[in-house]
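The next block is my_file27.tsv, given as TSV, C-alpha atoms.
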chain	number	residue	atom	x	y	z
A	1	MET	CA	12.81	-19.93	-9.58
A	2	ILE	CA	13.40	-16.40	-8.27
A	3	ASN	CA	11.80	-15.88	-4.88
A	4	VAL	CA	11.37	-12.58	-3.05
A	5	THR	CA	14.31	-13.50	-0.84
A	6	LYS	CA	16.93	-16.18	-0.35
A	7	THR	CA	18.61	-17.06	2.92
A	8	PHE	CA	22.29	-16.19	3.07
A	9	LEU	CA	24.23	-19.23	4.25
A	10	PRO	CA	27.89	-18.96	5.26
A	11	PRO	CA	30.33	-21.74	4.27
A	12	GLN	CA	29.13	-24.88	6.03
A	13	LEU	CA	32.57	-25.68	7.43
A	14	GLU	CA	32.76	-22.28	9.12
A	15	TYR	CA	29.42	-22.92	10.81
A	16	GLN	CA	30.51	-26.40	11.90
A	17	ASN	CA	33.78	-25.11	13.35
A	18	ILE	CA	31.89	-22.61	15.51
A	19	LEU	CA	29.32	-25.21	16.47
A	20	LYS	CA	32.10	-27.53	17.62
A	21	ARG	CA	32.62	-25.20	20.60
A	22	ALA	CA	29.13	-26.09	21.81
A	23	TRP	CA	29.72	-29.80	21.14
A	24	ASP	CA	32.99	-29.76	23.07
A	25	SER	CA	31.36	-28.08	26.07
A	26	ASN	CA	28.17	-30.16	25.82
A	27	TRP	CA	26.27	-26.90	26.41
A	28	ILE	CA	23.48	-26.49	23.86
A	29	THR	CA	21.01	-24.09	25.50
A	30	ASN	CA	20.40	-21.94	28.61
A	31	ARG	CA	22.65	-19.07	27.60
A	32	GLY	CA	25.82	-20.84	26.60
A	33	LYS	CA	29.13	-19.34	25.56
A	34	LEU	CA	28.12	-18.88	21.92
A	35	VAL	CA	25.08	-16.80	22.86
A	36	VAL	CA	27.17	-14.58	25.12
A	37	ASP	CA	29.86	-14.30	22.44
A	38	LEU	CA	27.30	-13.33	19.80
A	39	GLU	CA	25.76	-10.69	22.04
A	40	GLU	CA	29.17	-9.14	22.66
A	41	LYS	CA	30.03	-9.11	18.96
A	42	LEU	CA	26.65	-7.64	18.01
A	43	ARG	CA	26.94	-4.97	20.70
A	44	ALA	CA	30.23	-3.86	19.18
A	45	HIS	CA	29.11	-4.21	15.55
A	46	LEU	CA	25.91	-2.23	16.05
A	47	GLU	CA	27.33	0.22	18.61
A	48	VAL	CA	24.50	-0.30	21.11
A	49	SER	CA	24.55	-0.30	24.90
A	50	ASN	CA	22.49	-3.41	25.61
A	51	ILE	CA	21.26	-6.36	23.61
A	52	LEU	CA	19.37	-9.47	24.66
A	53	ILE	CA	19.12	-12.19	22.01
A	54	THR	CA	15.84	-14.14	21.88
A	55	ASN	CA	14.48	-17.16	20.07
A	56	ASN	CA	12.46	-15.12	17.56
A	57	GLY	CA	11.50	-11.55	16.72
A	58	THR	CA	7.96	-11.66	18.13
A	59	ILE	CA	8.83	-12.59	21.72
A	60	PRO	CA	10.59	-9.21	22.21
A	61	LEU	CA	7.39	-7.38	21.25
A	62	GLN	CA	5.35	-9.55	23.60
A	63	ILE	CA	7.81	-9.06	26.47
A	64	ALA	CA	7.86	-5.28	25.96
A	65	LEU	CA	4.07	-5.13	25.92
A	66	LYS	CA	3.76	-7.40	28.96
A	67	LEU	CA	6.17	-5.17	30.88
A	68	PHE	CA	5.01	-1.76	29.69
A	69	GLY	CA	1.65	-2.09	27.92
A	70	GLY	CA	-0.39	-2.40	31.10
A	71	ARG	CA	-3.29	-4.00	29.20
A	72	GLY	CA	-4.08	-0.53	27.91
A	73	ASP	CA	-4.47	1.10	24.51
A	74	ILE	CA	-1.41	0.87	22.28
A	75	ILE	CA	-1.09	3.38	19.47
A	76	THR	CA	0.28	1.55	16.45
A	77	THR	CA	0.54	1.39	12.68
A	78	PRO	CA	-1.73	-0.57	10.35
A	79	PHE	CA	1.13	-0.97	7.85
A	80	SER	CA	3.41	-3.64	9.30
A	81	TYR	CA	3.77	-7.39	9.55
A	82	VAL	CA	0.90	-9.02	11.42
A	83	ALA	CA	3.08	-9.74	14.49
A	84	THR	CA	3.00	-6.06	15.42
A	85	THR	CA	-0.77	-6.10	15.92
A	86	SER	CA	-1.16	-9.73	17.03
A	87	SER	CA	1.37	-9.17	19.84
A	88	ILE	CA	-0.69	-6.26	21.15
A	89	ILE	CA	-3.85	-8.34	21.27
A	90	TRP	CA	-2.05	-11.45	22.56
A	91	GLU	CA	-0.86	-9.47	25.58
A	92	GLY	CA	-4.36	-8.27	26.39
A	93	CYS	CA	-3.85	-4.75	25.06
A	94	ASN	CA	-5.93	-2.86	22.53
A	95	PRO	CA	-4.47	-1.65	19.21
A	96	VAL	CA	-5.37	1.92	18.28
A	97	PHE	CA	-4.40	2.48	14.67
A	98	VAL	CA	-2.97	5.69	13.27
A	99	ASP	CA	-2.61	6.03	9.51
A	100	ILE	CA	0.73	6.26	7.74
A	101	ASP	CA	2.89	8.79	5.94
A	102	PRO	CA	2.37	8.04	2.20
A	103	ASP	CA	6.04	8.65	1.34
A	104	HIS	CA	8.02	7.03	4.16
A	105	LEU	CA	5.26	4.45	4.89
A	106	THR	CA	5.86	4.79	8.64
A	107	ILE	CA	3.26	5.90	11.17
A	108	ASP	CA	2.14	9.50	10.55
A	109	GLU	CA	3.53	11.28	13.59
A	110	THR	CA	1.23	14.27	13.01
A	111	LYS	CA	-1.81	12.07	13.73
A	112	ILE	CA	-0.58	10.34	16.89
A	113	GLU	CA	-1.53	12.93	19.49
A	114	ALA	CA	-5.17	13.02	18.40
A	115	ALA	CA	-5.42	9.28	19.13
A	116	ILE	CA	-4.15	9.52	22.72
A	117	THR	CA	-6.66	9.02	25.55
A	118	SER	CA	-6.47	8.37	29.27
A	119	ASN	CA	-6.27	4.63	28.43
A	120	THR	CA	-3.18	4.97	26.23
A	121	THR	CA	-0.07	3.36	27.74
A	122	ALA	CA	2.39	3.08	24.86
A	123	ILE	CA	3.24	3.76	21.23
A	124	LEU	CA	4.33	0.76	19.17
A	125	ALA	CA	5.60	1.96	15.81
A	126	THR	CA	7.35	0.12	12.99
A	127	HIS	CA	10.43	1.27	11.11
A	128	VAL	CA	8.97	0.08	7.81
A	129	PHE	CA	11.31	-1.79	5.45
A	130	GLY	CA	14.15	-0.45	7.61
A	131	ASN	CA	13.01	3.16	7.07
A	132	PRO	CA	13.01	4.96	10.44
A	133	CYS	CA	9.96	6.66	11.91
A	134	ASP	CA	10.13	10.33	12.87
A	135	VAL	CA	11.70	9.34	16.18
A	136	GLU	CA	12.21	12.90	17.44
A	137	THR	CA	8.55	13.87	17.16
A	138	ILE	CA	7.39	10.55	18.61
A	139	SER	CA	9.74	11.01	21.56
A	140	GLU	CA	8.37	14.50	22.22
A	141	ILE	CA	4.79	13.22	22.15
A	142	ALA	CA	5.61	10.29	24.43
A	143	GLU	CA	7.35	12.51	26.99
A	144	LYS	CA	4.47	14.99	26.96
A	145	HIS	CA	1.91	12.25	27.67
A	146	ASN	CA	4.11	9.95	29.80
A	147	LEU	CA	3.98	7.06	27.33
A	148	MET	CA	6.42	4.24	26.61
A	149	VAL	CA	7.81	3.98	23.08
A	150	ILE	CA	8.40	0.53	21.59
A	151	TYR	CA	9.84	0.20	18.10
A	152	ASP	CA	9.29	-2.82	15.92
A	153	ALA	CA	12.64	-2.62	14.16
A	154	ALA	CA	12.50	-6.10	12.66
A	155	HIS	CA	13.96	-4.88	9.36
A	156	CYS	CA	16.61	-2.57	10.78
A	157	PHE	CA	19.82	-4.52	11.24
A	158	GLY	CA	22.63	-2.12	10.37
A	159	VAL	CA	20.40	0.93	9.90
A	160	THR	CA	21.64	4.18	11.42
A	161	TYR	CA	19.76	7.42	11.89
A	162	LYS	CA	21.71	10.62	12.51
A	163	GLU	CA	24.89	8.58	12.87
A	164	GLN	CA	23.72	6.17	15.54
A	165	SER	CA	21.99	2.82	15.47
A	166	VAL	CA	18.25	3.08	15.02
A	167	PHE	CA	18.05	0.54	17.87
A	168	ASN	CA	19.10	3.29	20.28
A	169	TYR	CA	15.82	5.15	19.85
A	170	GLY	CA	12.72	4.57	21.97
A	171	ASP	CA	12.44	2.84	25.34
A	172	ILE	CA	12.62	-0.61	23.74
A	173	SER	CA	13.57	-1.63	20.20
A	174	THR	CA	13.14	-5.12	18.82
A	175	CYS	CA	14.63	-6.92	15.83
A	176	SER	CA	14.11	-10.16	13.94
A	177	PHE	CA	16.95	-12.54	13.14
A	178	HIS	CA	14.71	-14.76	11.01
A	179	ALA	CA	16.31	-16.62	8.09
A	180	THR	CA	14.80	-14.12	5.63
A	181	LYS	CA	16.54	-11.13	7.24
A	182	LEU	CA	19.91	-9.59	6.35
A	183	PHE	CA	21.50	-10.87	9.54
A	184	HIS	CA	20.01	-14.09	10.82
A	185	THR	CA	20.35	-16.94	13.26
A	186	GLY	CA	17.90	-19.17	11.40
A	187	GLU	CA	15.21	-18.25	13.91
A	188	GLY	CA	15.89	-15.50	16.39
A	189	GLY	CA	15.51	-11.91	17.44
A	190	ALA	CA	16.69	-9.35	19.95
A	191	ILE	CA	15.70	-6.67	22.43
A	192	PHE	CA	17.65	-3.41	22.57
A	193	CYS	CA	17.37	-0.93	25.41
A	194	ASN	CA	19.52	1.85	26.88
A	195	ASN	CA	17.81	1.69	30.28
A	196	GLU	CA	19.50	-0.85	32.58
A	197	LYS	CA	16.35	-1.37	34.64
A	198	TYR	CA	14.31	-2.20	31.55
A	199	ILE	CA	16.87	-4.56	30.05
A	200	ASP	CA	17.12	-6.40	33.39
A	201	ALA	CA	13.35	-6.81	33.43
A	202	ALA	CA	13.45	-8.11	29.85
A	203	PHE	CA	16.21	-10.56	30.77
A	204	TYR	CA	14.21	-12.11	33.60
A	205	SER	CA	11.11	-12.15	31.41
A	206	HIS	CA	12.78	-14.16	28.63
A	207	ASN	CA	14.02	-16.84	31.08
A	208	PHE	CA	10.87	-17.88	32.95
A	209	GLY	CA	11.46	-15.10	35.51
A	210	HIS	CA	14.48	-16.90	36.99
A	211	ASP	CA	16.69	-15.08	39.48
A	212	GLY	CA	19.28	-17.83	39.85
A	213	PRO	CA	18.44	-21.55	39.82
A	214	GLU	CA	16.06	-21.51	42.82
A	215	LYS	CA	14.53	-18.02	42.92
A	216	PHE	CA	12.15	-16.17	40.65
A	217	HIS	CA	12.19	-12.47	39.97
A	218	GLY	CA	8.70	-12.49	38.50
A	219	LEU	CA	6.61	-13.75	35.61
A	220	GLY	CA	8.46	-14.93	32.53
A	221	VAL	CA	8.36	-17.05	29.39
A	222	ASN	CA	10.87	-19.13	27.47
A	223	GLY	CA	12.43	-16.69	25.04
A	224	LYS	CA	15.94	-18.12	25.05
A	225	ILE	CA	17.95	-18.85	21.94
A	226	SER	CA	20.05	-21.99	21.55
A	227	GLU	CA	23.76	-22.41	20.86
A	228	LEU	CA	22.87	-23.87	17.45
A	229	GLN	CA	21.20	-20.62	16.43
A	230	ALA	CA	23.92	-18.47	17.99
A	231	ALA	CA	26.52	-20.39	15.97
A	232	MET	CA	24.71	-19.45	12.77
A	233	GLY	CA	24.74	-15.80	13.81
A	234	LEU	CA	28.47	-15.93	14.56
A	235	ALA	CA	29.07	-17.47	11.13
A	236	VAL	CA	26.93	-14.90	9.27
A	237	LEU	CA	28.11	-11.75	11.07
A	238	PRO	CA	31.54	-11.48	9.37
A	239	TYR	CA	29.78	-11.30	5.99
A	240	MET	CA	27.50	-8.36	6.78
A	241	ASN	CA	29.45	-5.79	4.78
A	242	ASP	CA	29.41	-8.09	1.75
A	243	ILE	CA	25.70	-8.78	2.19
A	244	ILE	CA	24.76	-5.10	2.35
A	245	LYS	CA	27.08	-4.26	-0.57
A	246	ALA	CA	25.47	-6.93	-2.76
A	247	ARG	CA	21.95	-5.80	-1.86
A	248	LYS	CA	22.86	-2.18	-2.56
A	249	LYS	CA	24.04	-3.18	-6.02
A	250	CYS	CA	20.67	-4.87	-6.70
A	251	THR	CA	18.82	-1.83	-5.37
A	252	ASP	CA	20.84	0.54	-7.56
A	253	THR	CA	19.97	-1.56	-10.60
A	254	TYR	CA	16.27	-1.44	-9.75
A	255	ASN	CA	16.42	2.31	-9.15
A	256	GLU	CA	18.06	2.90	-12.52
A	257	GLY	CA	15.63	0.59	-14.28
A	258	PHE	CA	12.54	2.26	-12.83
A	259	GLU	CA	13.83	5.82	-13.14
A	260	ASP	CA	11.47	6.67	-16.03
A	261	SER	CA	8.46	4.68	-14.78
A	262	ASP	CA	5.33	5.76	-12.89
A	263	LEU	CA	6.05	3.41	-9.97
A	264	GLN	CA	6.22	4.96	-6.51
A	265	LEU	CA	9.40	3.96	-4.69
A	266	LEU	CA	10.23	4.11	-0.99
A	267	LYS	CA	11.43	7.51	0.22
A	268	ILE	CA	14.20	7.01	2.77
A	269	ARG	CA	14.06	9.45	5.68
A	270	LYS	CA	16.74	12.11	5.58
A	271	GLY	CA	19.63	11.35	7.93
A	272	THR	CA	19.33	7.57	7.44
A	273	THR	CA	22.02	5.13	6.40
A	274	TRP	CA	19.79	2.39	5.01
A	275	ASN	CA	20.45	-1.36	4.87
A	276	TYR	CA	18.71	-2.27	1.57
A	277	SER	CA	16.50	-4.75	3.37
A	278	TYR	CA	13.53	-4.68	0.96
A	279	TYR	CA	12.61	-3.22	-2.41
A	280	PRO	CA	8.95	-2.21	-2.35
A	281	VAL	CA	7.22	-0.75	-5.40
A	282	ILE	CA	3.79	0.87	-5.33
A	283	PHE	CA	1.60	0.64	-8.42
A	284	LYS	CA	-1.10	3.02	-9.58
A	285	SER	CA	-3.82	0.47	-8.79
A	286	GLU	CA	-4.37	-3.01	-7.40
A	287	LYS	CA	-5.45	-4.08	-10.88
A	288	GLU	CA	-2.03	-3.10	-12.22
A	289	LEU	CA	-0.28	-4.94	-9.38
A	290	ILE	CA	-2.24	-8.13	-10.06
A	291	LYS	CA	-1.41	-7.96	-13.77
A	292	VAL	CA	2.31	-7.48	-13.11
A	293	LYS	CA	2.42	-10.17	-10.43
A	294	ALA	CA	0.78	-12.69	-12.76
A	295	ALA	CA	3.27	-11.90	-15.52
A	296	LEU	CA	6.19	-12.39	-13.13
A	297	ASN	CA	4.75	-15.59	-11.65
A	298	ALA	CA	4.39	-17.02	-15.17
A	299	LEU	CA	8.19	-16.79	-15.41
A	300	ASN	CA	8.73	-18.38	-11.97
A	301	ILE	CA	9.46	-14.99	-10.38
A	302	PHE	CA	7.72	-14.55	-7.04
A	303	PRO	CA	7.54	-11.10	-5.47
A	304	ARG	CA	5.47	-10.73	-2.31
A	305	ARG	CA	2.50	-8.55	-1.43
A	306	TYR	CA	4.06	-7.14	1.69
A	307	PHE	CA	2.43	-5.74	3.78
A	308	TYR	CA	-1.02	-6.99	2.85
A	309	PRO	CA	-3.69	-6.55	4.01
A	310	SER	CA	-3.67	-3.36	6.02
A	311	LEU	CA	-3.78	-4.58	9.63
A	312	ASN	CA	-6.95	-2.66	10.50
A	313	GLN	CA	-8.67	-5.08	8.10
A	314	ILE	CA	-7.66	-8.39	9.71
A	315	THR	CA	-10.45	-10.44	11.26
A	316	TYR	CA	-9.65	-10.08	14.96
A	317	VAL	CA	-9.59	-6.29	15.12
A	318	ASP	CA	-12.35	-3.73	14.72
A	319	SER	CA	-12.50	-3.74	10.93
A	320	ALA	CA	-14.86	-0.77	10.94
A	321	ILE	CA	-11.83	1.44	11.55
A	322	LYS	CA	-10.73	3.04	8.29
A	323	MET	CA	-7.10	3.80	7.48
A	324	PRO	CA	-7.36	5.13	3.92
A	325	ILE	CA	-3.67	5.67	3.19
A	326	SER	CA	-2.55	2.34	4.61
A	327	GLU	CA	-5.40	0.51	2.91
A	328	SER	CA	-4.60	2.12	-0.43
A	329	ILE	CA	-0.87	1.46	-0.31
A	330	SER	CA	-1.33	-2.05	1.06
A	331	SER	CA	-3.48	-2.92	-1.93
A	332	LYS	CA	-0.88	-1.66	-4.43
A	333	VAL	CA	2.54	-2.58	-2.99
A	334	ILE	CA	4.77	-5.58	-3.63
A	335	CYS	CA	8.35	-6.29	-2.60
A	336	LEU	CA	10.59	-7.40	-5.45
A	337	PRO	CA	13.23	-10.13	-5.23
A	338	LEU	CA	16.31	-8.87	-3.38
A	339	TYR	CA	19.10	-11.08	-2.08
A	340	VAL	CA	22.78	-11.92	-2.38
A	341	GLY	CA	23.40	-13.79	-5.62
A	342	LEU	CA	20.62	-12.21	-7.69
A	343	GLU	CA	22.18	-11.82	-11.14
A	344	GLU	CA	22.11	-8.76	-13.42
A	345	ASN	CA	20.22	-10.63	-16.14
A	346	GLU	CA	17.60	-11.69	-13.58
A	347	LEU	CA	17.21	-8.12	-12.36
A	348	SER	CA	16.89	-6.90	-15.96
A	349	LEU	CA	14.22	-9.52	-16.65
A	350	ILE	CA	12.21	-8.44	-13.58
A	351	ILE	CA	12.47	-4.77	-14.53
A	352	ASN	CA	11.46	-5.35	-18.14
A	353	VAL	CA	8.51	-7.59	-17.29
A	354	ILE	CA	7.19	-5.00	-14.83
A	355	LYS	CA	7.59	-2.08	-17.24
A	356	ASP	CA	6.02	-4.04	-20.11
A	357	ASN	CA	2.93	-4.77	-18.01
A	358	LEU	CA	2.26	-1.36	-16.51
A	359	CYS	CA	-1.18	-0.12	-17.50

Can you present the structure in this file as structure tokens?
Amino acid sequence: MINVTKTFLPPQLEYQNILKRAWDSNWITNRGKLVVDLEEKLRAHLEVSNILITNNGTIPLQIALKLFGGRGDIITTPFSYVATTSSIIWEGCNPVFVDIDPDHLTIDETKIEAAITSNTTAILATHVFGNPCDVETISEIAEKHNLMVIYDAAHCFGVTYKEQSVFNYGDISTCSFHATKLFHTGEGGAIFCNNEKYIDAAFYSHNFGHDGPEKFHGLGVNGKISELQAAMGLAVLPYMNDIIKARKKCTDTYNEGFEDSDLQLLKIRKGTTWNYSYYPVIFKSEKELIKVKAALNALNIFPRRYFYPSLNQITYVDSAIKMPISESISSKVICLPLYVGLEENELSLIINVIKDNLC
């Protein structure tokens, strides 16, 4: 069976040796030494000012919206994982969709300003498949209208834009450390922020609002990660160069195989050092996608329709809103298998099956 992804697991003994530090201290949660150690190592690895590790990648979005959304209108993209939109609604805010750039698949920055009203409090945009948004233009718009900028950077571990981490852009950036991601802690995520005041607020928010054992700074939730998860992150981190190198090799094989096809491939924004996090392909029609997917599934190969459906079409938003580009691409895009250990013969099989079944 070839799935769309496969969790990278470090040697079990290496994980156990790190985990022994938690066993020896009898400190399993509440910001133990492994969590602090992982944050320090990630700060250096990613070259970021501040990082706060959390128990998943959705909590950072919810915390950012609770702190800065103000229960107002949030300009966002319809082409993202459902957590981007569900977090907005969960925090009592209102998603205002702006259609996407058909090449980069990120929010169309030229359409943002027209969607701003007196009720708008923030922009929540997604760096899609690790491909950065037009962060300069978004920053200019946000400054002009006094808006917060939150980036859903769930796919962006290791991505740089103009020679700095993509996590350094915006007021708040978030990431997922889910088991399906390049870097993972099994379950986990992180908040990145250059502003000390904001990162302090996020810290209190992810720990029930605690200010010491007997005082409370304000409202908070339980967003803490455990030592068990941090140990996994510490075991995976030394392999990141190998992981990205292996995924790049798979991506290069796909690119070469589809060079003479009619498939639309992701256009990486100029100035980006990408992380090879996903390999999306866009077909000419949904009918063609369904045909190809069925042919692959018959051989126990399971790509994923990702992202599908376009988020303006989910049941708990105003489905009367039309986002023609996002809706079109969402109906025609799948992500192909991409992970460490995917063999050349498996990649060749996937490429040939797809090309043989194009209409």

Exercise: Ile334 of chain A partners within 6 Å, all atoms listed in the file, chain neighbours under 6 positions left out, as an mmCIF file with C-alpha atoms, in the frame of the given file:
data_model
loop_
_atom_site.group_PDB
_atom_site.id
_atom_site.type_symbol
_atom_site.label_atom_id
_atom_site.label_comp_id
_atom_site.auth_asym_id
_atom_site.auth_seq_id
_atom_site.Cartn_x
_atom_site.Cartn_y
_atom_site.Cartn_z
ATOM 1 C CA PRO A 280 8.950 -2.210 -2.350
ATOM 2 C CA VAL A 281 7.220 -0.750 -5.400
ATOM 3 C CA ARG A 304 5.470 -10.730 -2.310
ATOM 4 C CA ARG A 305 2.500 -8.550 -1.430
ATOM 5 C CA TYR A 306 4.060 -7.140 1.690
#

*A:Pro10, A:Gly92, A:Gly271, A:Pro60 ranked by distance to Ile172 of chain A, top pick (using all atoms listed in the file)*: A:Pro60

_List as number ranges by chain the protein and nucleic acid residues near segment 341-354 of chain A, meaning an atom at most 8 Å away when only C-alpha atoms are counted, but skip any in the same chain fewer than 3 places from it._
A: 246, 250, 253-254, 257-258, 292, 295-296, 301, 338, 357-358

*Rank nothing, just name the residue among A:His184, A:Lys287, A:Lys355, A:Lys332 nearest to Asp260 of chain A, using only C-alpha atoms.*
A:Lys355

*asked:* From (3.5, -9.5, 15.2), in the file's coordinates, out to 9 Å: which residues are reached, counting all atoms listed in the file? Answer as a list of chain:residue names.
replied: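 It turns out the residues near that spot are A:Gly57, A:Thr58, A:Ile59, A:Leu61, A:Gln62, A:Ser80, A:Tyr81, A:Val82, A:Ala83, A:Thr84, A:Thr85, A:Ser86, A:Ser87, A:Ile88, A:Asp152.
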
Just the selected residues (C-alpha atoms), exported as a short mmCIF file (atom, residue, chain, number, x, y, z; two decimals), in the coordinates of the input, please.
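In the end it all went to selection_2.cif:
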data_model
loop_
_atom_site.label_atom_id
_atom_site.label_comp_id
_atom_site.auth_asym_id
_atom_site.auth_seq_id
_atom_site.Cartn_x
_atom_site.Cartn_y
_atom_site.Cartn_z
CA GLY A 57 11.50 -11.55 16.72
CA THR A 58 7.96 -11.66 18.13
CA ILE A 59 8.83 -12.59 21.72
CA LEU A 61 7.39 -7.38 21.25
CA GLN A 62 5.35 -9.55 23.60
CA SER A 80 3.41 -3.64 9.30
CA TYR A 81 3.77 -7.39 9.55
CA VAL A 82 0.90 -9.02 11.42
CA ALA A 83 3.08 -9.74 14.49
CA THR A 84 3.00 -6.06 15.42
CA THR A 85 -0.77 -6.10 15.92
CA SER A 86 -1.16 -9.73 17.03
CA SER A 87 1.37 -9.17 19.84
CA ILE A 88 -0.69 -6.26 21.15
CA ASP A 152 9.29 -2.82 15.92
#

_Atomic distance atom CA of Ala22 of chain A - atom CA of Lys224 of chain A, expressed in Å with one decimal_ = 15.7 Å

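Within the 9 Å cut-off around Asp134 of chain A, using all atoms listed in the file and omitting residues fewer than 2 positions from it on the same chain, the listed residues are A:Thr106, A:Ile107, A:Asp108, A:Glu109, A:Pro132, A:Glu136, A:Thr137, A:Ile138, A:Ser139, A:Arg269.
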
*Just how far from atom CA of Ser205 of chain A is atom CA of Asp171 of chain A, in Å to one decimal?*
16.2 Å

*Which is closer to Asp318 of chain A than all the others in A:Phe177, A:Phe97, A:Phe8, A:Tyr279, using all atoms listed in the file?*
A:Phe97

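Considering the residues A:Leu42, A:Leu124, A:Leu228, A:Ile75 and counting all atoms listed in the file, Trp23 of chain A has its shortest atom-to-atom contact with A:Leu228.
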
*Find the distance between atom CA of Gly158 of chain A and atom CA of Asn275 of chain A and write it in Å to one decimal.*
6.0 Å

*Place a sphere of radius 12 Å on (8.9, 0.9, 30.4) in the file coordinates and name every protein, DNA or RNA residue with an atom inside or on its surface, counting all atoms listed in the file; give the answer as a PyMOL selection string.*
chain A and resi 63-70+121-123+142+146-150+170-173+193-202

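Using all atoms listed in the file, the shortest contact distance between Phe192 of chain A and any of A:Lys33, A:Arg21, A:Lys144, A:Arg43 is found at A:Arg43.
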
Could you rebuild segment 6-11 of chain A with all heavy atoms and give it back as a PDB file, in the frame of the given file?
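Okay, selection.pdb is ready:
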ATOM      1  N   LYS A   6      16.196 -14.919  -0.428  1.00  0.00           N
ATOM      2  CA  LYS A   6      16.930 -16.180  -0.350  1.00  0.00           C
ATOM      3  C   LYS A   6      17.872 -16.094   0.834  1.00  0.00           C
ATOM      4  O   LYS A   6      18.633 -15.131   0.963  1.00  0.00           O
ATOM      5  CB  LYS A   6      17.721 -16.404  -1.642  1.00  0.00           C
ATOM      6  CG  LYS A   6      18.478 -17.721  -1.713  1.00  0.00           C
ATOM      7  CD  LYS A   6      19.194 -17.837  -3.055  1.00  0.00           C
ATOM      8  CE  LYS A   6      19.951 -19.137  -3.168  1.00  0.00           C
ATOM      9  NZ  LYS A   6      20.655 -19.239  -4.481  1.00  0.00           N
ATOM     10  N   THR A   7      17.800 -17.078   1.708  1.00  0.00           N
ATOM     11  CA  THR A   7      18.610 -17.060   2.920  1.00  0.00           C
ATOM     12  C   THR A   7      20.097 -17.083   2.585  1.00  0.00           C
ATOM     13  O   THR A   7      20.543 -17.911   1.786  1.00  0.00           O
ATOM     14  CB  THR A   7      18.272 -18.263   3.811  1.00  0.00           C
ATOM     15  OG1 THR A   7      16.895 -18.207   4.176  1.00  0.00           O
ATOM     16  CG2 THR A   7      19.130 -18.267   5.071  1.00  0.00           C
ATOM     17  N   PHE A   8      20.844 -16.164   3.207  1.00  0.00           N
ATOM     18  CA  PHE A   8      22.290 -16.190   3.070  1.00  0.00           C
ATOM     19  C   PHE A   8      22.847 -17.259   4.009  1.00  0.00           C
ATOM     20  O   PHE A   8      22.601 -17.237   5.210  1.00  0.00           O
ATOM     21  CB  PHE A   8      22.916 -14.842   3.417  1.00  0.00           C
ATOM     22  CG  PHE A   8      24.426 -14.871   3.409  1.00  0.00           C
ATOM     23  CD1 PHE A   8      25.113 -14.700   2.220  1.00  0.00           C
ATOM     24  CD2 PHE A   8      25.138 -15.114   4.577  1.00  0.00           C
ATOM     25  CE1 PHE A   8      26.505 -14.761   2.191  1.00  0.00           C
ATOM     26  CE2 PHE A   8      26.526 -15.172   4.567  1.00  0.00           C
ATOM     27  CZ  PHE A   8      27.216 -14.991   3.371  1.00  0.00           C
ATOM     28  N   LEU A   9      23.605 -18.183   3.442  1.00  0.00           N
ATOM     29  CA  LEU A   9      24.230 -19.230   4.250  1.00  0.00           C
ATOM     30  C   LEU A   9      25.743 -19.102   4.140  1.00  0.00           C
ATOM     31  O   LEU A   9      26.293 -19.080   3.032  1.00  0.00           O
ATOM     32  CB  LEU A   9      23.785 -20.613   3.781  1.00  0.00           C
ATOM     33  CG  LEU A   9      22.327 -20.971   4.082  1.00  0.00           C
ATOM     34  CD1 LEU A   9      21.964 -22.293   3.414  1.00  0.00           C
ATOM     35  CD2 LEU A   9      22.088 -21.039   5.576  1.00  0.00           C
ATOM     36  N   PRO A  10      26.426 -19.024   5.273  1.00  0.00           N
ATOM     37  CA  PRO A  10      27.890 -18.960   5.260  1.00  0.00           C
ATOM     38  C   PRO A  10      28.448 -20.328   4.863  1.00  0.00           C
ATOM     39  O   PRO A  10      27.708 -21.329   4.834  1.00  0.00           O
ATOM     40  CB  PRO A  10      28.228 -18.628   6.710  1.00  0.00           C
ATOM     41  CG  PRO A  10      27.108 -19.241   7.499  1.00  0.00           C
ATOM     42  CD  PRO A  10      25.883 -19.084   6.640  1.00  0.00           C
ATOM     43  N   PRO A  11      29.739 -20.424   4.565  1.00  0.00           N
ATOM     44  CA  PRO A  11      30.330 -21.740   4.270  1.00  0.00           C
ATOM     45  C   PRO A  11      30.046 -22.727   5.406  1.00  0.00           C
ATOM     46  O   PRO A  11      30.211 -22.394   6.581  1.00  0.00           O
ATOM     47  CB  PRO A  11      31.820 -21.424   4.167  1.00  0.00           C
ATOM     48  CG  PRO A  11      31.862 -20.005   3.710  1.00  0.00           C
ATOM     49  CD  PRO A  11      30.713 -19.336   4.400  1.00  0.00           C
TER      50      PRO A  11
END
